[in-house]
Structures are given as structure tokens and as C-alpha cells.
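Listing of my_file-v5.pdb, PDB, C-alpha atoms, pLDDT in the B column
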```
ATOM      1  CA  MET Y  28     130.358  28.681 112.612  1.00 89.00           C
ATOM      2  CA  LYS Y  29     128.252  30.600 110.098  1.00 93.00           C
ATOM      3  CA  GLU Y  30     124.885  29.739 108.598  1.00 95.00           C
ATOM      4  CA  VAL Y  31     124.899  30.191 104.831  1.00 96.00           C
ATOM      5  CA  LYS Y  32     122.079  30.282 102.305  1.00 95.00           C
ATOM      6  CA  LEU Y  33     122.332  30.560  98.538  1.00 94.00           C
ATOM      7  CA  LYS Y  34     120.436  33.369  96.790  1.00 95.00           C
ATOM      8  CA  THR Y  35     119.686  33.519  93.064  1.00 95.00           C
ATOM      9  CA  ILE Y  36     121.049  36.764  91.587  1.00 96.00           C
ATOM     10  CA  GLU Y  37     120.406  36.317  87.864  1.00 95.00           C
ATOM     11  CA  GLN Y  38     119.298  33.504  85.620  1.00 93.00           C
ATOM     12  CA  SER Y  39     119.527  33.130  81.857  1.00 93.00           C
ATOM     13  CA  ASP Y  40     119.426  30.165  79.481  1.00 92.00           C
ATOM     14  CA  ASN Y  41     123.222  29.994  79.641  1.00 93.00           C
ATOM     15  CA  VAL Y  42     124.028  30.553  83.291  1.00 96.00           C
ATOM     16  CA  CYS Y  43     122.642  31.006  86.767  1.00 97.00           C
ATOM     17  CA  LEU Y  44     124.396  33.445  89.094  1.00 97.00           C
ATOM     18  CA  TYR Y  45     124.050  32.842  92.801  1.00 97.00           C
ATOM     19  CA  SER Y  46     125.542  34.526  95.837  1.00 97.00           C
ATOM     20  CA  ILE Y  47     125.908  33.534  99.470  1.00 96.00           C
ATOM     21  CA  CYS Y  48     124.093  35.131 102.398  1.00 97.00           C
ATOM     22  CA  PHE Y  49     125.399  34.761 105.951  1.00 95.00           C
ATOM     23  CA  ASP Y  50     123.479  34.226 109.184  1.00 92.00           C
ATOM     24  CA  GLY Y  51     119.980  35.031 107.958  1.00 88.00           C
ATOM     25  CA  SER Y  52     120.956  38.211 106.101  1.00 93.00           C
ATOM     26  CA  GLU Y  53     118.814  39.093 103.078  1.00 93.00           C
ATOM     27  CA  GLU Y  54     121.766  40.933 101.546  1.00 97.00           C
ATOM     28  CA  SER Y  55     124.142  38.638  99.691  1.00 97.00           C
ATOM     29  CA  GLU Y  56     127.919  39.005  99.676  1.00 98.00           C
ATOM     30  CA  PHE Y  57     127.746  40.115  96.033  1.00 98.00           C
ATOM     31  CA  GLU Y  58     125.159  42.787  96.881  1.00 98.00           C
ATOM     32  CA  LYS Y  59     127.494  44.033  99.642  1.00 97.00           C
ATOM     33  CA  PHE Y  60     130.288  44.230  97.034  1.00 97.00           C
ATOM     34  CA  LEU Y  61     128.008  46.263  94.719  1.00 97.00           C
ATOM     35  CA  ALA Y  62     126.995  48.620  97.529  1.00 96.00           C
ATOM     36  CA  THR Y  63     130.625  49.179  98.545  1.00 95.00           C
ATOM     37  CA  PHE Y  64     131.952  50.023  95.079  1.00 95.00           C
ATOM     38  CA  LYS Y  65     129.044  51.429  93.034  1.00 92.00           C
ATOM     39  CA  ASP Y  66     129.747  55.038  94.040  1.00 90.00           C
ATOM     40  CA  ASN Y  67     133.487  54.671  94.544  1.00 85.00           C
ATOM     41  CA  GLY Y  68     135.098  57.090  92.092  1.00 85.00           C
ATOM     42  CA  LYS Y  69     138.613  55.766  92.653  1.00 88.00           C
ATOM     43  CA  HIS Y  70     137.689  52.255  91.464  1.00 89.00           C
ATOM     44  CA  ASN Y  71     134.923  53.215  89.072  1.00 89.00           C
ATOM     45  CA  ARG Y  72     136.736  51.909  85.972  1.00 89.00           C
ATOM     46  CA  ASP Y  73     137.460  48.508  87.546  1.00 91.00           C
ATOM     47  CA  PHE Y  74     133.895  48.287  88.859  1.00 93.00           C
ATOM     48  CA  SER Y  75     132.468  49.018  85.386  1.00 92.00           C
ATOM     49  CA  ILE Y  76     134.712  46.361  83.843  1.00 91.00           C
ATOM     50  CA  ILE Y  77     133.487  43.802  86.415  1.00 94.00           C
ATOM     51  CA  LEU Y  78     129.838  44.647  85.640  1.00 95.00           C
ATOM     52  CA  LEU Y  79     130.495  44.333  81.882  1.00 94.00           C
ATOM     53  CA  ALA Y  80     132.188  40.964  82.466  1.00 93.00           C
ATOM     54  CA  LEU Y  81     129.128  39.777  84.413  1.00 96.00           C
ATOM     55  CA  GLU Y  82     126.846  40.885  81.559  1.00 96.00           C
ATOM     56  CA  LYS Y  83     129.006  38.852  79.166  1.00 95.00           C
ATOM     57  CA  ILE Y  84     128.772  35.840  81.525  1.00 96.00           C
ATOM     58  CA  ILE Y  85     124.957  36.156  81.675  1.00 96.00           C
ATOM     59  CA  ALA Y  86     124.870  36.209  77.854  1.00 95.00           C
ATOM     60  CA  LYS Y  87     127.448  33.488  77.116  1.00 95.00           C
ATOM     61  CA  GLY Y  88     128.072  31.482  80.311  1.00 96.00           C
ATOM     62  CA  ALA Y  89     130.790  31.350  82.969  1.00 96.00           C
ATOM     63  CA  LEU Y  90     133.503  30.207  80.566  1.00 95.00           C
ATOM     64  CA  GLU Y  91     136.799  29.172  82.129  1.00 93.00           C
ATOM     65  CA  ARG Y  92     138.853  31.732  80.196  1.00 92.00           C
ATOM     66  CA  LEU Y  93     137.001  34.577  81.956  1.00 92.00           C
ATOM     67  CA  PHE Y  94     138.416  33.597  85.351  1.00 93.00           C
ATOM     68  CA  ARG Y  95     141.714  33.370  87.163  1.00 90.00           C
ATOM     69  CA  VAL Y  96     142.259  30.603  89.725  1.00 90.00           C
ATOM     70  CA  GLU Y  97     142.651  32.180  93.165  1.00 89.00           C
ATOM     71  CA  GLY Y  98     142.165  29.432  95.717  1.00 81.00           C
ATOM     72  CA  LYS Y  99     143.824  26.057  95.972  1.00 83.00           C
ATOM     73  CA  MET Y 100     143.979  23.366  93.317  1.00 78.00           C
ATOM     74  CA  ASN Y 101     141.182  21.361  94.965  1.00 85.00           C
ATOM     75  CA  ASP Y 102     138.554  24.110  95.163  1.00 90.00           C
ATOM     76  CA  ASN Y 103     136.598  26.226  92.692  1.00 93.00           C
ATOM     77  CA  VAL Y 104     137.611  29.696  93.954  1.00 95.00           C
ATOM     78  CA  THR Y 105     138.340  32.139  91.135  1.00 94.00           C
ATOM     79  CA  ALA Y 106     138.375  35.857  90.456  1.00 92.00           C
ATOM     80  CA  LEU Y 107     137.111  37.529  87.315  1.00 87.00           C
ATOM     81  CA  ALA Y 108     140.085  37.811  84.965  1.00 75.00           C
ATOM     82  CA  ILE Y 109     139.732  41.476  84.161  1.00 77.00           C
ATOM     83  CA  ASP Y 110     142.550  43.891  83.427  1.00 72.00           C
ATOM     84  CA  SER Y 111     142.097  45.374  86.859  1.00 63.00           C
ATOM     85  CA  ARG Y 112     145.134  46.281  88.836  1.00 71.00           C
ATOM     86  CA  GLN Y 113     143.266  46.443  92.124  1.00 86.00           C
ATOM     87  CA  LEU Y 114     139.586  45.513  92.377  1.00 92.00           C
ATOM     88  CA  ARG Y 115     138.800  41.805  92.799  1.00 92.00           C
ATOM     89  CA  LEU Y 116     135.483  39.943  92.830  1.00 95.00           C
ATOM     90  CA  TYR Y 117     135.872  36.412  94.173  1.00 96.00           C
ATOM     91  CA  CYS Y 118     133.618  33.650  92.868  1.00 97.00           C
ATOM     92  CA  LEU Y 119     133.050  29.917  92.885  1.00 97.00           C
ATOM     93  CA  ARG Y 120     132.992  28.742  89.285  1.00 96.00           C
ATOM     94  CA  ILE Y 121     131.092  25.469  89.548  1.00 95.00           C
ATOM     95  CA  SER Y 122     130.660  24.995  85.792  1.00 95.00           C
ATOM     96  CA  ASP Y 123     130.129  26.979  82.586  1.00 96.00           C
ATOM     97  CA  GLN Y 124     126.480  27.285  83.662  1.00 97.00           C
ATOM     98  CA  ILE Y 125     126.790  27.934  87.409  1.00 97.00           C
ATOM     99  CA  LEU Y 126     128.648  30.767  89.117  1.00 97.00           C
ATOM    100  CA  ILE Y 127     128.447  31.676  92.789  1.00 97.00           C
ATOM    101  CA  LEU Y 128     129.442  35.298  93.366  1.00 98.00           C
ATOM    102  CA  GLY Y 129     131.195  36.186  96.568  1.00 97.00           C
ATOM    103  CA  ASN Y 130     132.505  39.469  97.848  1.00 97.00           C
ATOM    104  CA  GLY Y 131     135.709  41.246  97.000  1.00 96.00           C
ATOM    105  CA  GLY Y 132     137.709  44.344  97.462  1.00 95.00           C
ATOM    106  CA  VAL Y 133     140.774  46.322  96.609  1.00 93.00           C
ATOM    107  CA  LYS Y 134     143.907  44.222  96.430  1.00 90.00           C
ATOM    108  CA  THR Y 135     146.833  46.283  97.717  1.00 91.00           C
ATOM    109  CA  THR Y 136     149.083  43.366  98.643  1.00 91.00           C
ATOM    110  CA  ARG Y 137     150.974  40.938  96.426  1.00 89.00           C
ATOM    111  CA  THR Y 138     148.625  38.067  97.314  1.00 89.00           C
ATOM    112  CA  TYR Y 139     145.126  37.932  98.795  1.00 91.00           C
ATOM    113  CA  GLU Y 140     146.538  35.922 101.731  1.00 93.00           C
ATOM    114  CA  GLU Y 141     148.413  39.032 102.912  1.00 95.00           C
ATOM    115  CA  ASP Y 142     145.140  40.995 103.275  1.00 95.00           C
ATOM    116  CA  THR Y 143     142.915  39.728 106.105  1.00 96.00           C
ATOM    117  CA  LYS Y 144     139.695  41.014 104.501  1.00 96.00           C
ATOM    118  CA  LEU Y 145     140.351  39.423 101.098  1.00 95.00           C
ATOM    119  CA  LEU Y 146     141.613  36.239 102.737  1.00 95.00           C
ATOM    120  CA  GLY Y 147     138.340  36.081 104.681  1.00 96.00           C
ATOM    121  CA  TYR Y 148     136.274  36.317 101.476  1.00 96.00           C
ATOM    122  CA  VAL Y 149     138.312  33.543  99.822  1.00 96.00           C
ATOM    123  CA  VAL Y 150     138.190  31.273 102.892  1.00 95.00           C
ATOM    124  CA  ASP Y 151     134.394  31.731 103.136  1.00 96.00           C
ATOM    125  CA  LEU Y 152     134.061  30.618  99.510  1.00 96.00           C
ATOM    126  CA  GLN Y 153     136.411  27.665 100.063  1.00 96.00           C
ATOM    127  CA  LEU Y 154     134.379  26.518 103.075  1.00 96.00           C
ATOM    128  CA  PHE Y 155     131.115  26.957 101.184  1.00 96.00           C
ATOM    129  CA  ASP Y 156     132.549  25.029  98.220  1.00 96.00           C
ATOM    130  CA  LYS Y 157     133.230  22.080 100.570  1.00 95.00           C
ATOM    131  CA  ALA Y 158     129.760  22.307 102.151  1.00 95.00           C
ATOM    132  CA  LEU Y 159     128.123  22.372  98.704  1.00 95.00           C
ATOM    133  CA  ALA Y 160     130.123  19.311  97.609  1.00 95.00           C
ATOM    134  CA  GLU Y 161     129.035  17.471 100.787  1.00 95.00           C
ATOM    135  CA  ALA Y 162     125.381  18.350 100.135  1.00 94.00           C
ATOM    136  CA  GLN Y 163     125.740  17.011  96.583  1.00 94.00           C
ATOM    137  CA  LYS Y 164     127.213  13.741  97.892  1.00 95.00           C
ATOM    138  CA  LYS Y 165     124.318  13.386 100.334  1.00 94.00           C
ATOM    139  CA  GLY Y 166     121.850  14.144  97.547  1.00 93.00           C
ATOM    140  CA  THR Y 167     120.197  17.084  99.333  1.00 92.00           C
ATOM    141  CA  VAL Y 168     121.366  19.415  96.570  1.00 93.00           C
ATOM    142  CA  ARG Y 169     121.771  18.601  92.878  1.00 93.00           C
ATOM    143  CA  ILE Y 170     123.381  20.478  90.037  1.00 92.00           C
ATOM    144  CA  GLU Y 171     121.368  20.207  86.839  1.00 90.00           C
ATOM    145  CA  LYS Y 172     122.671  22.182  83.856  1.00 90.00           C
ATOM    146  CA  ASN Y 173     122.289  25.823  84.949  1.00 90.00           C
ATOM    147  CA  LEU Y 174     120.455  25.198  88.250  1.00 92.00           C
ATOM    148  CA  ILE Y 175     121.271  24.047  91.740  1.00 93.00           C
ATOM    149  CA  THR Y 176     118.139  22.268  92.920  1.00 91.00           C
ATOM    150  CA  GLY Y 177     117.267  21.880  96.575  1.00 90.00           C
ATOM    151  CA  ILE Y 178     118.877  25.154  97.678  1.00 86.00           C
ATOM    152  CA  GLU Y 179     115.604  26.975  98.340  1.00 81.00           C
ATOM    153  CA  SER Y 180     115.301  25.315 101.746  1.00 81.00           C
ATOM    154  CA  ALA Y 181     118.973  24.424 102.256  1.00 86.00           C
ATOM    155  CA  THR Y 182     121.052  26.065 104.943  1.00 89.00           C
ATOM    156  CA  PHE Y 183     124.750  25.245 105.052  1.00 92.00           C
ATOM    157  CA  THR Y 184     127.003  25.544 108.084  1.00 92.00           C
ATOM    158  CA  ILE Y 185     130.593  26.565 107.493  1.00 91.00           C
TER
END
```
How does this structure look as C-alpha cells?
Amino acid sequence: MKEVKLKTIEQSDNVCLYSICFDGSEESEFEKFLATFKDNGKHNRDFSIILLALEKIIAKGALERLFRVEGKMNDNVTALAIDSRQLRLYCLRISDQILILGNGGVKTTRTYEEDTKLLGYVVDLQLFDKALAEAQKKGTVRIEKNLITGIESATFTI
């Protein structure tokens, strides 16, 4: 079992970007992704493309065409649909206005399921997606346009 909190990464009129933090950590999964790849020369091009895609999302919203479905049909797990051969950033695309950034890494296998690290990132997002849906049903968390209200004090267990 992991304790999960949601952290606001960036907010604009069009979209709010969040990321998940595990077990009381101040550093979100997205911030860990940034720290891992920001000085990585081998994947510098892919990393730059991901950052440019995020800038576009902040300006225009988390439009469906910018993502590739990665999880199962009944969850919101996606990856940025960039022309990257290797680097993946996994996300939960809740709507055009709400995007939860996860972690990611270098995909060297045919599918993310074949890589235990990438599979772990996707499973974490799938479990959080379920926990968020439950909190919405209970009314402890609400999604209003580009905000998730009630998350400031919310801790999810996955």
C-alpha cells in the first residue's frame, strides 16, 4: 500500500497539470522524471520534444490527439504522442483541462509490460486513476473545468 497525494505542477486558463507524490515525498513523480533526464545527453532530443509538448498543452489544453492510449480501455493512462523512439512520459488524461503527469523512462522493449520499471509507473497511474474515481463518487474530490477541488487535504491509498 502506498500513500499518494496530488501536487499542482502548472496551471493556466486552459489546463491544470498535476503529478503524484508517494508516501509523503515532496518530489512528484514528474519531477523525478525531469531530474533523471534533464542532463541525459543520449535522450536529450526526446526530452526536449516532451518539454515542448507540455508547453503546447499548457497553452492549448490536454487535447486527445496529443496522447497515445497506453493502459487498458477502462482507465485514463496515456503517453505523450511524440515522435520519440524511446523516451516515454506516462500520464492520466482526465479531460482536455486536467492532466496528471506520472513518471517515465526509456522504452527498450516492445511493450511497457515487458519492462518492470515502466510497468510499475503505468500500474501506479492505473491504481491512482481508480482511487481518484472513487473519491469523486464519494464527493470528497470534484473535477470542475480545469481544477480538481478537495485534493489539497486528500491522501489516497493505492
Task: Top pick for closest residue to Phe57 of chain Y, considering Y:Cys118, Y:Ala106, Y:Met28, Y:Val149 and counting only C-alpha atoms - done: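 Nearest to Phe57 of chain Y: Y:Cys118.
Atom pair atom CA of Ser55 of chain Y / atom CA of Lys69 of chain Y: separated by 23.5 Å.
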- [ ] Kindly give the distance, in Å, that separates atom CA of Asp123 of chain Y and atom CA of Leu90 of chain Y, rounded to a single decimal.
- [x]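 Interatomic distance, atom CA of Asp123 of chain Y to atom CA of Leu90 of chain Y: 5.1 Å.
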Task: Nearest-residue call for Ala181 of chain Y, choices Y:Val31, Y:Ile85, Y:Leu126, Y:Leu93, using only C-alpha atoms - done: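 The shortest atom-to-atom distance to Ala181 of chain Y comes from Y:Val31.
Distance annotation: of Y:Ala62, Y:Val104, Y:Ile47, Y:Ala89, the residue with the minimal separation from Gln153 of chain Y is Y:Val104; atom set is only C-alpha atoms.
Our summary of the geometry notes that atom CA of Ile109 of chain Y is positioned 7.0 Å from atom CA of Ile76 of chain Y.
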TODO: Would you mind telling me which residue in Y:Thr167, Y:Asp102, Y:Leu33, Y:Glu97 lies nearest to Thr138 of chain Y when using only C-alpha atoms?
DONE: Y:Glu97
Task: Who sits within 10 Å of Glu53 of chain Y, only C-alpha atoms, same chain under 4 positions skipped, as a PyMOL selection string - done: chain Y and resi 32+34+47-49+58
Task: Residue IDs satisfying the PyMOL selection byres ((chain Y and resi 156-166) around 8), as a PyMOL selection string - done: chain Y and resi 102-103+119+152-155+167-170+183-185
Task: Option closest in space to Glu56 of chain Y, from Y:Asp151, Y:Asp73, Y:Glu82, Y:Glu171 [counting all atoms listed in the file] - done: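 Under the stated criterion, the closest residue is Y:Asp151.
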- [ ] Run the PyMOL selection byres ((chain Y and resi 35) around 9) on the file and write out the hits as a PyMOL selection string.
- [x] chain Y and resi 33-34+36-38+43-47+127
- [ ] For each of Y:Glu54, Y:Leu114, Y:Arg92, Y:Ala86, take the minimum atom-to-atom distance to Asn71 of chain Y, counting only C-alpha atoms, then give the residue where this is smallest.
- [x]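 Closest to Asn71 of chain Y of all the choices is Y:Leu114.
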Open item on the list: Please expand the PyMOL selection byres ((chain Y and resi 117) around 6) into the concrete residues it hits in this file, giving the result as JSON, numbers by chain.
Closed with: {"Y": [105, 106, 116, 118, 129, 130, 131]}
Open item on the list: Excluding Asn173 of chain Y and its own-chain neighbours fewer than 6 positions away, which residues fall within 8 Å of it when counting only C-alpha atoms? Please give them as a list in words.
Closed with: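 My list of contacting residues is Asp40, Asn41, Val42, Cys43, Gln124 and Ile125 of chain Y.
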- [ ] Can you pull out every residue within 12 Å of Glu140 of chain Y, counting only C-alpha atoms, but drop anything in the same chain fewer than 3 positions away, and send it as an MDAnalysis selection string?
- [x] chainID Y and resid 97:99 134:137 143:150
Calculate, to one decimal in Å, the centre and edge lengths of the box along x, y and z of the file that holds all listed atoms of segment 172-183 of chain Y with 3 Å of margin on each side, and present them as AutoDock Vina command-line options.
```
--center_x 120.0 --center_y 24.4 --center_z 94.5 --size_x 15.4 --size_y 11.1 --size_z 27.2
```
